[in-house]
>>> print(open('structure.pdb').read())   # PDB, C-alpha atoms
ATOM      1  CA  MET A  31       0.000   0.000   0.000
ATOM      2  CA  ALA A  32       1.130   3.534  -0.697
ATOM      3  CA  LYS A  33       2.537   5.479   2.228
ATOM      4  CA  LEU A  34      -0.135   7.481   3.976
ATOM      5  CA  ASN A  35       0.342  11.065   5.061
ATOM      6  CA  ILE A  36      -0.888  10.893   8.682
ATOM      7  CA  THR A  37      -0.397  13.789  11.083
ATOM      8  CA  ASN A  38      -0.662  13.112  14.810
ATOM      9  CA  PHE A  39      -2.726  15.481  16.960
ATOM     10  CA  ASP A  40      -2.480  16.228  20.689
ATOM     11  CA  GLY A  41      -5.225  14.417  22.582
ATOM     12  CA  VAL A  42      -5.635  11.753  19.870
ATOM     13  CA  TYR A  43      -4.290   8.183  20.008
ATOM     14  CA  GLU A  44      -1.126   8.057  17.928
ATOM     15  CA  PRO A  45      -1.000   5.062  15.562
ATOM     16  CA  ALA A  46       1.134   2.307  17.101
ATOM     17  CA  GLU A  47       1.864  -1.412  16.573
ATOM     18  CA  ASP A  48      -1.802  -2.358  16.801
ATOM     19  CA  SER A  49      -2.826   0.242  14.205
ATOM     20  CA  TYR A  50      -0.215  -0.924  11.704
ATOM     21  CA  LEU A  51      -0.968  -4.604  12.349
ATOM     22  CA  PHE A  52      -4.578  -3.775  11.423
ATOM     23  CA  VAL A  53      -3.732  -1.800   8.262
ATOM     24  CA  ASN A  54      -1.166  -4.327   7.042
ATOM     25  CA  HIS A  55      -3.276  -7.463   7.585
ATOM     26  CA  ILE A  56      -6.924  -6.519   7.075
ATOM     27  CA  PRO A  57      -8.341  -8.516   4.156
ATOM     28  CA  ASN A  58      -9.380  -6.763   0.980
ATOM     29  CA  LEU A  59     -12.833  -5.539   2.044
ATOM     30  CA  LYS A  60     -15.335  -4.085  -0.405
ATOM     31  CA  GLY A  61     -18.397  -1.978   0.243
ATOM     32  CA  ASN A  62     -19.807   0.304   2.887
ATOM     33  CA  ILE A  63     -17.507   0.142   5.926
ATOM     34  CA  LEU A  64     -17.788   1.648   9.399
ATOM     35  CA  GLU A  65     -14.753   2.370  11.538
ATOM     36  CA  ILE A  66     -15.463   2.755  15.259
ATOM     37  CA  GLY A  67     -12.867   4.800  17.190
ATOM     38  CA  CYS A  68     -11.116   6.300  14.176
ATOM     39  CA  GLY A  69      -8.465   8.340  16.012
ATOM     40  CA  THR A  70      -6.212   9.904  13.359
ATOM     41  CA  GLY A  71      -8.146   8.118  10.603
ATOM     42  CA  LEU A  72      -5.314   5.787   9.580
ATOM     43  CA  ILE A  73      -7.447   2.632   9.200
ATOM     44  CA  GLY A  74     -10.444   4.330   7.578
ATOM     45  CA  ILE A  75      -8.256   6.241   5.144
ATOM     46  CA  SER A  76      -6.391   3.070   4.138
ATOM     47  CA  LEU A  77      -9.732   1.337   3.459
ATOM     48  CA  ALA A  78     -11.098   4.333   1.518
ATOM     49  CA  LEU A  79      -7.984   4.334  -0.671
ATOM     50  CA  LYS A  80      -8.929   0.774  -1.675
ATOM     51  CA  GLY A  81     -12.236   2.024  -3.080
ATOM     52  CA  ASN A  82     -14.524   1.554  -0.087
ATOM     53  CA  LYS A  83     -17.150   3.987   1.146
ATOM     54  CA  VAL A  84     -16.016   4.563   4.748
ATOM     55  CA  THR A  85     -17.781   6.202   7.662
ATOM     56  CA  ALA A  86     -15.526   6.878  10.659
ATOM     57  CA  VAL A  87     -16.813   7.658  14.155
ATOM     58  CA  ASP A  88     -15.061   8.713  17.350
ATOM     59  CA  ILE A  89     -16.268   9.956  20.727
ATOM     60  CA  ASN A  90     -13.303  12.350  20.916
ATOM     61  CA  PRO A  91     -13.959  15.614  19.031
ATOM     62  CA  LEU A  92     -10.190  16.075  18.590
ATOM     63  CA  ALA A  93     -10.035  12.698  16.813
ATOM     64  CA  VAL A  94     -12.910  13.739  14.544
ATOM     65  CA  GLU A  95     -10.928  16.816  13.493
ATOM     66  CA  ALA A  96      -7.729  14.771  13.097
ATOM     67  CA  ALA A  97      -9.434  12.199  10.870
ATOM     68  CA  LYS A  98     -11.034  14.923   8.721
ATOM     69  CA  SER A  99      -7.691  16.694   8.325
ATOM     70  CA  ASN A 100      -5.793  13.493   7.505
ATOM     71  CA  ALA A 101      -8.460  12.426   4.997
ATOM     72  CA  LYS A 102      -8.109  15.775   3.245
ATOM     73  CA  ASN A 103      -4.287  15.482   3.259
ATOM     74  CA  ASN A 104      -4.607  12.057   1.589
ATOM     75  CA  ASN A 105      -7.256  13.199  -0.933
ATOM     76  CA  VAL A 106      -9.776  10.738   0.462
ATOM     77  CA  ASP A 107     -13.525  11.092   0.810
ATOM     78  CA  LEU A 108     -14.175   9.982   4.405
ATOM     79  CA  GLU A 109     -17.397  10.665   6.298
ATOM     80  CA  VAL A 110     -16.350  11.454   9.888
ATOM     81  CA  VAL A 111     -18.940  11.583  12.664
ATOM     82  CA  GLU A 112     -18.652  12.428  16.366
ATOM     83  CA  GLY A 113     -20.376   9.906  18.606
ATOM     84  CA  ASP A 114     -20.137   7.049  21.071
ATOM     85  CA  MET A 115     -19.909   3.876  18.950
ATOM     86  CA  PHE A 116     -23.241   3.664  17.071
ATOM     87  CA  SER A 117     -25.067   6.530  18.831
ATOM     88  CA  SER A 118     -24.844   8.872  15.814
ATOM     89  CA  LEU A 119     -25.641   6.166  13.250
ATOM     90  CA  GLU A 120     -29.291   5.338  13.953
ATOM     91  CA  GLY A 121     -30.709   2.972  11.335
ATOM     92  CA  ARG A 122     -27.517   2.731   9.267
ATOM     93  CA  ILE A 123     -26.283  -0.675   8.087
ATOM     94  CA  PHE A 124     -22.732  -1.529   6.955
ATOM     95  CA  ASP A 125     -21.080  -4.372   5.030
ATOM     96  CA  ALA A 126     -18.221  -4.505   7.553
ATOM     97  CA  ILE A 127     -17.269  -2.839  10.816
ATOM     98  CA  VAL A 128     -13.633  -2.300  11.783
ATOM     99  CA  CYS A 129     -12.306  -1.201  15.137
ATOM    100  CA  ASN A 130      -8.929  -0.973  16.821
ATOM    101  CA  PRO A 131     -10.543  -0.858  20.257
ATOM    102  CA  PRO A 132      -9.331   0.263  23.631
ATOM    103  CA  TYR A 133      -8.346  -3.128  25.058
ATOM    104  CA  LEU A 134      -6.124  -2.608  28.098
ATOM    105  CA  PRO A 135      -7.641  -3.226  31.534
ATOM    106  CA  ASN A 136      -8.273  -0.008  33.437
ATOM    107  CA  SER A 137      -5.086   1.156  35.127
ATOM    108  CA  GLU A 138      -4.538   2.329  38.680
ATOM    109  CA  ASP A 139      -2.431   5.091  37.155
ATOM    110  CA  LYS A 140      -4.370   8.062  35.897
ATOM    111  CA  TYR A 141      -3.625   9.433  32.443
ATOM    112  CA  ASP A 142      -2.782  13.108  32.127
ATOM    113  CA  ASP A 143      -5.239  13.174  29.250
ATOM    114  CA  SER A 144      -8.692  11.629  29.844
ATOM    115  CA  LYS A 145      -9.294  11.410  26.080
ATOM    116  CA  LEU A 146      -6.215   9.223  25.725
ATOM    117  CA  ALA A 147      -7.512   6.940  28.485
ATOM    118  CA  LEU A 148     -10.694   6.443  26.418
ATOM    119  CA  ALA A 149      -8.548   5.293  23.503
ATOM    120  CA  VAL A 150      -6.559   2.660  25.414
ATOM    121  CA  GLU A 151      -8.606   1.386  28.385
ATOM    122  CA  GLY A 152     -11.374  -1.044  27.465
ATOM    123  CA  GLY A 153     -12.922  -1.352  30.924
ATOM    124  CA  PRO A 154     -12.021  -3.134  34.186
ATOM    125  CA  THR A 155     -10.966  -6.335  32.367
ATOM    126  CA  GLY A 156     -10.113  -4.668  29.045
ATOM    127  CA  SER A 157     -12.890  -6.650  27.321
ATOM    128  CA  GLU A 158     -15.947  -4.530  28.074
ATOM    129  CA  PHE A 159     -15.616  -2.150  25.103
ATOM    130  CA  THR A 160     -15.206  -4.987  22.598
ATOM    131  CA  ILE A 161     -18.079  -7.012  24.078
ATOM    132  CA  ARG A 162     -20.324  -3.938  23.824
ATOM    133  CA  LEU A 163     -19.108  -3.336  20.255
ATOM    134  CA  LEU A 164     -20.098  -6.852  19.199
ATOM    135  CA  GLU A 165     -23.470  -6.678  20.975
ATOM    136  CA  ASP A 166     -24.369  -3.356  19.338
ATOM    137  CA  ALA A 167     -22.923  -4.267  15.916
ATOM    138  CA  ARG A 168     -25.787  -6.718  15.315
ATOM    139  CA  ASN A 169     -28.100  -3.776  14.596
ATOM    140  CA  HIS A 170     -25.709  -2.097  12.136
ATOM    141  CA  LEU A 171     -24.261  -4.972  10.133
ATOM    142  CA  GLU A 172     -25.533  -6.699   6.976
ATOM    143  CA  SER A 173     -26.524 -10.311   7.675
ATOM    144  CA  GLN A 174     -23.394 -11.642   5.917
ATOM    145  CA  GLY A 175     -21.149  -8.869   7.285
ATOM    146  CA  SER A 176     -18.189  -9.159   9.610
ATOM    147  CA  VAL A 177     -16.580  -7.208  12.412
ATOM    148  CA  TYR A 178     -12.780  -6.920  12.359
ATOM    149  CA  THR A 179     -11.034  -5.964  15.574
ATOM    150  CA  ILE A 180      -7.865  -6.333  17.618
ATOM    151  CA  ILE A 181      -7.888  -8.722  20.561
ATOM    152  CA  SER A 182      -5.084  -8.470  23.129
ATOM    153  CA  SER A 183      -3.697 -11.135  25.446
ATOM    154  CA  LYS A 184      -4.121  -8.482  28.178
ATOM    155  CA  MET A 185      -7.923  -8.702  27.871
ATOM    156  CA  LYS A 186      -9.560 -10.861  30.512
ATOM    157  CA  GLU A 187     -12.986 -12.531  30.552
ATOM    158  CA  PHE A 188     -13.540 -12.036  26.823
ATOM    159  CA  GLN A 189     -16.363 -14.287  25.686
ATOM    160  CA  THR A 190     -18.760 -13.970  22.780
ATOM    161  CA  SER A 191     -21.250 -16.095  20.866
ATOM    162  CA  TRP A 192     -19.955 -14.727  17.535
ATOM    163  CA  ASN A 193     -17.971 -17.019  15.245
ATOM    164  CA  GLN A 194     -14.355 -15.917  15.069
ATOM    165  CA  GLU A 195     -11.244 -16.407  13.005
ATOM    166  CA  VAL A 196      -7.749 -15.127  13.810
ATOM    167  CA  LEU A 197      -6.432 -13.477  10.651
ATOM    168  CA  HIS A 198      -3.023 -12.469  11.975
ATOM    169  CA  GLU A 199      -1.155 -12.614  15.286
ATOM    170  CA  GLU A 200       1.979 -10.850  16.481
ATOM    171  CA  LYS A 201       3.846 -11.074  19.753
ATOM    172  CA  PHE A 202       5.210  -7.918  21.311
ATOM    173  CA  PHE A 203       7.343  -7.499  24.403
ATOM    174  CA  PHE A 204       4.375  -7.095  26.741
ATOM    175  CA  GLU A 205       1.452  -8.740  24.919
ATOM    176  CA  ARG A 206       0.176 -10.792  21.995
ATOM    177  CA  LEU A 207      -2.123  -9.000  19.533
ATOM    178  CA  ARG A 208      -4.526 -10.736  17.161
ATOM    179  CA  LEU A 209      -6.514  -9.300  14.271
ATOM    180  CA  VAL A 210      -9.797 -11.219  14.469
ATOM    181  CA  ARG A 211     -12.787 -11.472  12.159
ATOM    182  CA  PHE A 212     -16.150 -12.005  13.876
ATOM    183  CA  TRP A 213     -19.355 -13.055  12.133
ATOM    184  CA  ARG A 214     -22.783 -14.329  13.083
ATOM    185  CA  SER A 215     -23.855 -17.896  12.414
TER     186      SER A 215
END
>>> encode(input="structure.pdb", output="structure tokens")
Amino acid sequence: MAKLNITNFDGVYEPAEDSYLFVNHIPNLKGNILEIGCGTGLIGISLALKGNKVTAVDINPLAVEAAKSNAKNNNVDLEVVEGDMFSSLEGRIFDAIVCNPPYLPNSEDKYDDSKLALAVEGGPTGSEFTIRLLEDARNHLESQGSVYTIISSKMKEFQTSWNQEVLHEEKFFFERLRLVRFWRS
């Protein structure tokens, strides 16, 4: 894939190993795609450059501005919406949903930036955000659609009734990250 022109913004999750694992190993999707938690827009922009119609949503207004700016800098048409997961997308259905979720268990340490904490902490066990994502995705996904997300070895108590397939796995110093496809039976 061509090199993307991504600018990092204060108060917005900076693309890291998990972001690049996602971009480098996501299958060739086609259609109307939703990205939850777009941050700088890296994943959504990479999918739009492959010819997809992409809607990106983030709860952080700074991330919404970052994604819009980065889409413009990459000459990409990206619909960017501010909202909490699906809250701003009433009645909309997508062919696929992608999300590099917050997956670390809540930390005793407090972040200097509460918006950054939203981007990295997935709840007390680290799994709560992703479980909620999968529960709510049912109402916004075509019947044959899939959800693609990162699952970390740091997540505890992660259980779902969705079918799942590990597409790629990498081990890092402190955790193992998997790009996983979920679909309904």
>>> closest_residue(input="structure.pdb", among="A:Val53, A:Ala86, A:Glu138, A:Asn62", to="Ala101 (chain A)", atoms="all atoms listed in the file")
A:Ala86
>>> closest_residue(input="structure.pdb", among="A:Asn100, A:Asn169, A:Ser137, A:Ser76", to="Asn54 (chain A)", atoms="only C-alpha atoms")
A:Ser76
>>> residues_around(input="structure.pdb", residues="Val196 (chain A)", least_positions_apart="5", cutoff="12 Å", atoms="all atoms listed in the file", output="PyMOL selection string")
chain A and resi 55-57+177-182+207-213
>>> residues_around(input="structure.pdb", residues="Val128 (chain A)", least_positions_apart="2", cutoff="9 Å", atoms="all atoms listed in the file", output="PyMOL selection string")
chain A and resi 63-67+73-74+126+130+176-179
>>> closest_residue(input="structure.pdb", among="A:Asp40, A:Glu200, A:Asp166, A:Glu205", to="Pro91 (chain A)", atoms="only C-alpha atoms")
A:Asp40
>>> resolve_selection(input="structure.pdb", expression="the PyMOL selection byres ((chain A and resi 107-113) around 12)", output="NGL selection string")
:A and (62-106 or 114-120)
>>> atom_distance(input="structure.pdb", atom1="CA of Gly175 (chain A)", atom2="CA of Leu197 (chain A)")
15.8 Å
>>> atom_distance(input="structure.pdb", atom1="CA of Ile161 (chain A)", atom2="CA of Asp48 (chain A)")
18.4 Å
>>> atom_distance(input="structure.pdb", atom1="CA of Thr190 (chain A)", atom2="CA of Ile127 (chain A)")
16.4 Å
>>> closest_residue(input="structure.pdb", among="A:Gly61, A:Phe202, A:Glu195, A:Pro131", to="Ser49 (chain A)", atoms="all atoms listed in the file")
A:Pro131
>>> residues_around(input="structure.pdb", residues="Ser157 (chain A)", least_positions_apart="4", cutoff="12 Å", atoms="all atoms listed in the file", output="VMD selection string")
chain A and resid 131 to 136 150 to 153 161 to 164 179 to 190
>>> closest_residue(input="structure.pdb", among="A:Cys129, A:Leu59, A:Ala167, A:Leu51", to="Glu199 (chain A)", atoms="all atoms listed in the file")
A:Leu51
>>> axis_aligned_box(input="structure.pdb", around="region 125-136 of chain A", padding_each_side="4 Å", output="AutoDock Vina command-line options")
--center_x -13.6 --center_y -2.1 --center_z 19.2 --size_x 23.0 --size_y 12.8 --size_z 36.4
